[in-house]
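Written below as structure tokens is the structure these notes are about.
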Amino acid sequence: MYIELIGYLGSLLVVVSMLMTSVVKLRIINTVGSAIFTGYALVIHSYPTAAMNACLIVINMYNLFRLYKNARSYAILRLSPSDGFVRFFLDKHEADMKHFFPVVNKNLLYDYTCLVCHNNNPVGIFLAKTEADGTLNISIDYTIPAYRDCSVGKYLYTWLAHEQIPRLTVDKASAGHVAYLKKMGFSEQNGQWIKDMGIKGA
């Protein structure tokens with residue numbers, strides 16, 4: 001009975017992995033599911049099934065290695081806040097964006113607007129307002145699902161540091177966005193999320 005439950009668990013993880021929009025998450029979950037199912041197949045002496053799942057583990061590990069070895073290269077495109085492509089990008093991804101940013105004000109003109117691109121394709125958008133001391137108060141920092149492994153954020157914030165932005169702040173963070181902010185080095189202070197960029201004299 002218990003061994004069958006383990007088999008079901010492995011099968012469930014393999015199926016769930018197919019629902020992932022992130023390639024990295026798909027590979028990781030599929031690897032775990034395949035490993036569990038390989039063990040199950042060996043216990044019940046189903047060697048062809050075990051061999052197939054073992055091959056899937058090798059394929060997943062190889063592709064994960066390639067993903068991490070060949071780091072994605074990004075480029076930042078600064079845009080006018082009134083640029084039509086900004087409105088297009090917000091319209092296209094509005095439904096998914098609202099999981100992290102419940103209020104998407106497409107009519108507000110942000111004075112610091114940029115797109116993050118990979119292979120000339122926009123994969124993220126950053127909208128913020130500049131405060132008197134140069135701090136950027138972020139309204140939206142969104143990445144499309146397939147690139148949601150924090151690499152876009154790391155590239156963007158490194159670029160902002162080179163632009164001599166002293167600090168980043170987020171006034172209100174949804175539950176779904178808090179984990180990302182923590183990974184990016186933000187800390188909560190009196191209800192506001194703050195990231196000091198380490199710029200001397202800031």
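Each chain in the structure tokens gets a letter, A, B, ..., in the order shown, and its residues are numbered from 1; ligands are numbered from 1 in order too.
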
| field | Spatial neighbours of stretch 136-143 of chain A, 8 Å, only C-alpha atoms, chain gap at least 5 places, as a PyMOL selection string | value | chain A and resi 97+101+104+112+123-131+148+152+165+167-171

| Got a sec to tell me which of stretch 19-177 of chain A DSSP assigns to alpha helix (DSSP H), as a VMD selection string? | chain A and resid 23 to 43 47 to 69 84 to 92 94 to 97 151 to 162 175 to 177

| query | atom CA of A:Leu90 and atom CA of A:Gln164, how far apart in Å? | reply |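 Atom CA of A:Leu90 lies at a distance of 26.9 Å from atom CA of A:Gln164.
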
| message | Can you tell me which residues surround A:Gly33 at a distance of at most 12 Å, considering only C-alpha atoms, apart from same-chain residues fewer than 5 positions away, and format the answer as a PyMOL selection string? | response | chain A and resi 6-18+26-28+38-40+53-54+56-57+60

Could you save those same residues with N, CA and C atoms as a PDB file, in the first residue's frame?
```pdb
ATOM      1  N   ILE A   6       3.937   5.930  -2.917  1.00  0.00           N
ATOM      2  CA  ILE A   6       5.181   6.533  -3.397  1.00  0.00           C
ATOM      3  C   ILE A   6       5.165   6.621  -4.923  1.00  0.00           C
ATOM      4  N   GLY A   7       4.658   5.577  -5.560  1.00  0.00           N
ATOM      5  CA  GLY A   7       4.547   5.595  -7.019  1.00  0.00           C
ATOM      6  C   GLY A   7       3.617   6.688  -7.501  1.00  0.00           C
ATOM      7  N   TYR A   8       2.487   6.841  -6.807  1.00  0.00           N
ATOM      8  CA  TYR A   8       1.548   7.904  -7.162  1.00  0.00           C
ATOM      9  C   TYR A   8       2.180   9.289  -6.971  1.00  0.00           C
ATOM     10  N   LEU A   9       2.962   9.435  -5.902  1.00  0.00           N
ATOM     11  CA  LEU A   9       3.621  10.719  -5.639  1.00  0.00           C
ATOM     12  C   LEU A   9       4.581  11.070  -6.769  1.00  0.00           C
ATOM     13  N   GLY A  10       5.376  10.090  -7.186  1.00  0.00           N
ATOM     14  CA  GLY A  10       6.301  10.331  -8.286  1.00  0.00           C
ATOM     15  C   GLY A  10       5.578  10.706  -9.561  1.00  0.00           C
ATOM     16  N   SER A  11       4.489  10.001  -9.851  1.00  0.00           N
ATOM     17  CA  SER A  11       3.702  10.298 -11.054  1.00  0.00           C
ATOM     18  C   SER A  11       3.098  11.691 -10.980  1.00  0.00           C
ATOM     19  N   LEU A  12       2.604  12.054  -9.778  1.00  0.00           N
ATOM     20  CA  LEU A  12       1.983  13.370  -9.600  1.00  0.00           C
ATOM     21  C   LEU A  12       2.990  14.486  -9.847  1.00  0.00           C
ATOM     22  N   LEU A  13       4.194  14.334  -9.327  1.00  0.00           N
ATOM     23  CA  LEU A  13       5.216  15.369  -9.520  1.00  0.00           C
ATOM     24  C   LEU A  13       5.600  15.514 -10.988  1.00  0.00           C
ATOM     25  N   VAL A  14       5.669  14.404 -11.709  1.00  0.00           N
ATOM     26  CA  VAL A  14       5.986  14.461 -13.141  1.00  0.00           C
ATOM     27  C   VAL A  14       4.899  15.223 -13.884  1.00  0.00           C
ATOM     28  N   VAL A  15       3.635  14.952 -13.531  1.00  0.00           N
ATOM     29  CA  VAL A  15       2.510  15.654 -14.176  1.00  0.00           C
ATOM     30  C   VAL A  15       2.529  17.136 -13.816  1.00  0.00           C
ATOM     31  N   VAL A  16       2.741  17.446 -12.528  1.00  0.00           N
ATOM     32  CA  VAL A  16       2.770  18.842 -12.072  1.00  0.00           C
ATOM     33  C   VAL A  16       3.882  19.615 -12.779  1.00  0.00           C
ATOM     34  N   SER A  17       5.010  18.965 -13.005  1.00  0.00           N
ATOM     35  CA  SER A  17       6.128  19.650 -13.663  1.00  0.00           C
ATOM     36  C   SER A  17       5.734  20.159 -15.048  1.00  0.00           C
ATOM     37  N   MET A  18       4.836  19.447 -15.717  1.00  0.00           N
ATOM     38  CA  MET A  18       4.403  19.854 -17.052  1.00  0.00           C
ATOM     39  C   MET A  18       3.558  21.136 -17.023  1.00  0.00           C
ATOM     40  N   LEU A  26      10.307  23.448 -14.097  1.00  0.00           N
ATOM     41  CA  LEU A  26       9.858  22.230 -14.775  1.00  0.00           C
ATOM     42  C   LEU A  26      10.922  21.137 -14.650  1.00  0.00           C
ATOM     43  N   ARG A  27      12.172  21.488 -14.945  1.00  0.00           N
ATOM     44  CA  ARG A  27      13.251  20.498 -14.907  1.00  0.00           C
ATOM     45  C   ARG A  27      13.478  19.963 -13.493  1.00  0.00           C
ATOM     46  N   ILE A  28      13.448  20.855 -12.507  1.00  0.00           N
ATOM     47  CA  ILE A  28      13.724  20.436 -11.130  1.00  0.00           C
ATOM     48  C   ILE A  28      12.627  19.511 -10.609  1.00  0.00           C
ATOM     49  N   THR A  38      11.595   6.229 -10.241  1.00  0.00           N
ATOM     50  CA  THR A  38      12.638   5.240 -10.526  1.00  0.00           C
ATOM     51  C   THR A  38      12.777   4.269  -9.354  1.00  0.00           C
ATOM     52  N   GLY A  39      12.801   4.831  -8.123  1.00  0.00           N
ATOM     53  CA  GLY A  39      12.890   3.990  -6.939  1.00  0.00           C
ATOM     54  C   GLY A  39      11.702   3.053  -6.824  1.00  0.00           C
ATOM     55  N   TYR A  40      10.512   3.604  -7.110  1.00  0.00           N
ATOM     56  CA  TYR A  40       9.297   2.790  -7.063  1.00  0.00           C
ATOM     57  C   TYR A  40       9.362   1.646  -8.078  1.00  0.00           C
ATOM     58  N   ASN A  53      12.808   6.361 -16.539  1.00  0.00           N
ATOM     59  CA  ASN A  53      12.839   7.493 -15.615  1.00  0.00           C
ATOM     60  C   ASN A  53      14.268   7.894 -15.261  1.00  0.00           C
ATOM     61  N   ALA A  54      15.164   6.920 -15.211  1.00  0.00           N
ATOM     62  CA  ALA A  54      16.571   7.245 -14.976  1.00  0.00           C
ATOM     63  C   ALA A  54      17.120   8.093 -16.125  1.00  0.00           C
ATOM     64  N   LEU A  56      15.324  10.118 -17.936  1.00  0.00           N
ATOM     65  CA  LEU A  56      14.744  11.443 -17.769  1.00  0.00           C
ATOM     66  C   LEU A  56      15.532  12.271 -16.758  1.00  0.00           C
ATOM     67  N   ILE A  57      16.006  11.622 -15.693  1.00  0.00           N
ATOM     68  CA  ILE A  57      16.814  12.322 -14.692  1.00  0.00           C
ATOM     69  C   ILE A  57      18.092  12.855 -15.331  1.00  0.00           C
ATOM     70  N   ASN A  60      17.281  15.786 -17.666  1.00  0.00           N
ATOM     71  CA  ASN A  60      16.957  16.996 -16.901  1.00  0.00           C
ATOM     72  C   ASN A  60      18.200  17.622 -16.287  1.00  0.00           C
TER      73      ASN A  60
END
```

| query | Would you give me, as an NGL selection string, the residues in stretch 38-128 of chain A that DSSP reads as strand (DSSP E)? | reply | :A and (75-79 or 112-118 or 121-128)

| Nearest candidate to A:Leu77 (options A:Val43, A:Val116, A:Met197, A:Ala161; using only C-alpha atoms) | A:Val116

| Computed interatomic separation between atom CA of A:Gln192 and atom CA of A:Val103 (Å) | 16.9 Å

| Using only C-alpha atoms, which of the listed residues (A:Leu156, A:Phe89, A:Ile44, A:Leu64) sits closest to A:Ile29? |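 Nearest to A:Ile29: A:Leu64.
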
| task | Using atom CA of A:His118 and atom CA of A:Ala175 as the two end points, give the distance in Å to one decimal. | result | 27.5 Å

| field | Best match for closeness to A:Ser151 among A:Phe37, A:Tyr74, A:Tyr110, A:Phe100, counting only C-alpha atoms | value | A:Tyr74
